[in-house]
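Engineer: Below you will find the structure I want to go over with you.
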Amino acid sequence: MLSVVLVGTGNVAEHLFHAFEDNEAVNVLAVMGRNALQQHPFGEKFLRHTNYENLPQADIYLLAVSDSAIAEVSERLSSDQRFLVHVSGATPMERIAGERKGVFYPLQTFTKGKTLDFKDIPILVEANSSELQTLLLELGKNISQTVQVVSSKKREKLHLAAVFANNFVNHLFAISETICIMEKVSFDLLKPLIYETAHKLETLTPKQAQTGPAKRGDMETMKKHLSQLNDNQTKDLYTLMSQAIQNYHEKEL
Ligand SMILES: NC(=O)c1ccc[n+]([C@@H]2O[C@H](COP(=O)([O-])OP(=O)(O)OC[C@H]3O[C@@H](n4cnc5c(N)ncnc54)[C@H](OP(=O)(O)O)[C@@H]3O)[C@@H](O)[C@H]2O)c1
């Protein structure tokens with residue numbers, strides 16, 4: 001059985017905690033949160049620590065803290081030759097202080113209270129020793145079907161790709177919702193379209209799946225859309241996105 005101390009009490013810490021809690025091969029010895037007053041949804045039977053000094057000995061210390069806190073928190077834990085592992089997509093492994101370090105990055109978007117099945121979440125691992133790499137692969141395989149060794153450089157590129165695929169696309173949903181709210185029509189009417197946009201990728205590439213006025217070169221519709229938008233930032237975004245789609249599909253137009 002692998003023993004783990006979880007440092008952090010945010011989105012990812014909560015999801016990892018529940019994934020490990022449901023797994024007989026992983027034992028969460030303690031959850032470490034810097035804020036004693038905060039209410040955490042972690043089970044009562046587990047130790048809750050607010051002091052770095054008294055943490056129990058564990059195989060792996062998972063630092064599920066903000067990217068900007070990884071260096072500082074690892075500095076405080078780096079004595080005793082512990083295996084310190086962050087869970088960030090955008091942070092190089094070398095940001096961790098100490099000699100025994102690794103990465104356990106779940107490639108998914110996590111929000112507190114929104115349940116996810118970890119089996120479907122790819123976990124990208126990295127370590128600066130084969131001993132820790134083996135432990136991280138074992139830890140990952142206990143909760144996920146997809147566990148891969150990926151270097152910091154490649155992981156950072158995957159994180160960049162994820163920002164386009166998730167963060168930017170979600171912001172476009174927000175703009176879409178704002179238009180619906182302003183026109184007093186239900187955003188729910190667009191949900192089947194949103195789900196199909198994602199499901200199409202099961203059988204088509206994003207290039208094959210592209211439709212719409214920009215892809216068709218339908219200038220009249222694009223002009224009409226622009227005239228219906230009031231704020232300049234959304235107009236600029238519409239123009240930029242349409243140009244990007246046209247450039248990408250240039251040869252076909
Ligand atoms: N959210 C995602 O979708 C996602 C996906 C994959 C990976 N990640 C990675 O997961 C890690 C945690 O992200 P999150 O979304 O869980 O963030 P979060 O919900 O904001 O939680 C951050 C945690 O870090 C703690 N923290 C911040 N600064 C600290 C410091 N100086 N010392 C000690 N603890 C500190 C916070 O404590 P307080 O509550 O006391 O402020 C909180 O427990 C990050 O490395 C992030 O890149 C996030």
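Here, A, B, ... name the chains of the structure tokens in the order displayed, residue numbers run from 1 inside each chain, and ligands are numbered from 1 in the same displayed order.
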Quick one: pick out all alpha helix (DSSP H) residues within region 90-172 of chain A from a backbone DSSP run and write them as a ChimeraX atom specification.
Structural biologist: /A:130-143,152-162,169-172
Engineer: Check which residues fall inside 7 Å of ligand 1 when counting only C-alpha atoms and all ligand atoms, and print them as a list in words.
Structural biologist: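 Answer in the requested format: Gly8, Thr9, Gly10, Asn11, Val12, Ala13, Gly33, Arg34, Asn35, Ala64, Val65, Ser66, Asp67, Ser68, Ala69, Glu72, Val73, His86, Val87, Ser88, Gly89, Ala90, Tyr105, Pro106, Leu107, Gln108, Thr109, Phe110 and Thr111 of chain A.
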Engineer: Can you pull out the residues contacting Phe187 (chain A)? Cut-off 10 Å, using only C-alpha atoms, and skip same-chain residues under 2 positions away; I want them as a list in words.
Structural biologist: Phe173, Ala174, Ser176, Glu177, Thr178, Ile179, Cys180, Ile181, Lys184, Val185, Leu189, Leu190 and Lys191 of chain A
Engineer: Could you take the residues named above and write them with C-alpha atoms, as a short mmCIF file (atom, residue, chain, number, x, y, z; two decimals), in the first residue's frame?
Structural biologist:
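Output saved as again_31.cif:
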```cif
data_model
loop_
_atom_site.label_atom_id
_atom_site.label_comp_id
_atom_site.auth_asym_id
_atom_site.auth_seq_id
_atom_site.Cartn_x
_atom_site.Cartn_y
_atom_site.Cartn_z
CA PHE A 173 -19.40 29.77 -23.99
CA ALA A 174 -19.61 32.69 -21.54
CA SER A 176 -22.53 32.99 -26.01
CA GLU A 177 -24.47 32.89 -22.72
CA THR A 178 -24.26 36.70 -22.38
CA ILE A 179 -25.82 37.13 -25.84
CA CYS A 180 -28.64 34.74 -24.83
CA ILE A 181 -29.24 36.61 -21.56
CA LYS A 184 -33.86 36.75 -23.15
CA VAL A 185 -33.50 33.37 -24.86
CA LEU A 189 -31.08 25.73 -26.43
CA LEU A 190 -27.38 25.84 -27.34
CA LYS A 191 -26.31 22.91 -25.12
#
```
Engineer: Using DSSP on the backbone, list every residue of region 29-251 of chain A that comes out as strand (DSSP E), and give them as a ChimeraX atom specification.
Structural biologist: /A:29-32,47-49,60-63,84-86,101-106,123-127,147-149
Engineer: Name the residues in contact with Phe118 (chain A) at a cut-off of 8 Å, using only C-alpha atoms, excluding same-chain residues fewer than 5 positions from it; report them as number ranges by chain.
Structural biologist: A: 19, 143-144
Engineer: Next, dump the selected residues to file, keeping only N, CA and C atoms, as a tab-separated table (two decimals), in the first residue's frame.
Structural biologist:
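Generated file (again_21.tsv):
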```tsv
chain	number	residue	atom	x	y	z
A	19	ALA	N	-10.46	10.48	-4.74
A	19	ALA	CA	-10.00	9.37	-5.59
A	19	ALA	C	-9.20	8.37	-4.76
A	143	ILE	N	-5.64	4.84	-9.72
A	143	ILE	CA	-6.85	5.67	-9.85
A	143	ILE	C	-7.23	6.00	-11.29
A	144	SER	N	-6.30	5.79	-12.25
A	144	SER	CA	-6.60	6.19	-13.63
A	144	SER	C	-6.21	5.10	-14.63
```
Engineer: Report, in Å to a single decimal, how far apart CA of Thr197 (chain A) and CA of Lys154 (chain A) are.
Structural biologist: 26.5 Å
Engineer: If we count only C-alpha atoms, what is near region 205-211 of chain A at a cut-off of 9 Å, once residues fewer than 6 positions away on the same chain are taken out, given as a PyMOL selection string?
Structural biologist: chain A and resi 197+245+248-249
Engineer: Once you have the residues from the selection above, write them out as an mmCIF file, in the first residue's frame, restricted to N, CA and C atoms.
Structural biologist:
```cif
data_model
loop_
_atom_site.group_PDB
_atom_site.id
_atom_site.type_symbol
_atom_site.label_atom_id
_atom_site.label_comp_id
_atom_site.auth_asym_id
_atom_site.auth_seq_id
_atom_site.Cartn_x
_atom_site.Cartn_y
_atom_site.Cartn_z
ATOM 1 N N THR A 197 -20.367 19.494 -30.544
ATOM 2 C CA THR A 197 -19.062 20.054 -30.939
ATOM 3 C C THR A 197 -17.939 19.214 -30.328
ATOM 4 N N ILE A 245 -9.854 31.295 -38.463
ATOM 5 C CA ILE A 245 -10.514 30.140 -39.105
ATOM 6 C C ILE A 245 -10.268 30.195 -40.619
ATOM 7 N N TYR A 248 -6.681 29.313 -41.463
ATOM 8 C CA TYR A 248 -6.435 27.882 -41.232
ATOM 9 C C TYR A 248 -7.001 27.033 -42.377
ATOM 10 N N HIS A 249 -8.117 27.496 -42.958
ATOM 11 C CA HIS A 249 -8.793 26.716 -44.016
ATOM 12 C C HIS A 249 -8.587 27.357 -45.385
#
```
Engineer: For Leu29 (chain A), which of A:Asn51, A:Leu16, A:Lys157, A:Pro56 is the closest residue, counting only C-alpha atoms?
Structural biologist: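 Ranked by minimum distance to Leu29 (chain A), first place goes to A:Pro56.
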Engineer: Between CA of Arg100 (chain A) and CA of Glu126 (chain A), what distance in Å does the model show, to one decimal?
Structural biologist: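 Answer for the CA of Arg100 (chain A) to CA of Glu126 (chain A) separation: 11.4 Å.
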Engineer: Do you know which residues are at most 7 Å from Gln145 (chain A) counting only C-alpha atoms, after dropping those on the same chain fewer than 4 positions away, and could you put them as a compact mmCIF listing (two decimals) with C-alpha atoms, in the first residue's frame?
Structural biologist:
```
# COMPACT_ATOMS: atom_id res chain seq x y z
CA LYS A 119 -10.41 6.66 -14.18
CA ASP A 120 -10.96 8.84 -17.27
CA LYS A 141 -2.50 3.36 -12.13
```
Engineer: Hey, what's within 10 Å of Glu75 (chain A) if we count only C-alpha atoms and toss same-chain stuff fewer than 6 positions away? As a ChimeraX atom specification, please?
Structural biologist: /A:69,84,95-98
Engineer: Counting only C-alpha atoms, which residue out of A:Asn232, A:His159, A:Ile194, A:Val147 sits closest to Leu172 (chain A)?
Structural biologist: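 Ranked by minimum distance to Leu172 (chain A), first place goes to A:Ile194.
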Engineer: Quick one: distance from CA of Val7 (chain A) to CA of Glu21 (chain A) in Å, one decimal?
Structural biologist: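 That distance, rounded to one decimal, is 15.3 Å.
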Engineer: Which residue is closest to Phe104 (chain A)? Choose from A:Ala244, A:Val125, A:Val5, A:Val28 and count only C-alpha atoms.
Structural biologist: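 Among the listed residues, the smallest separation from Phe104 (chain A) belongs to A:Val125.
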Engineer: Nearest residue to Ser78 (chain A) out of A:Asp188, A:Glu53, A:Glu99, A:Glu202, using only C-alpha atoms?
Structural biologist: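 Of all the options, A:Glu99 lies closest to Ser78 (chain A).
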Engineer: Which one is closest to Met1 (chain A): A:Leu116, A:Val169, A:Leu139, A:Leu201? Count only C-alpha atoms.
Structural biologist: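 Smallest distance to Met1 (chain A) is found for A:Leu139.
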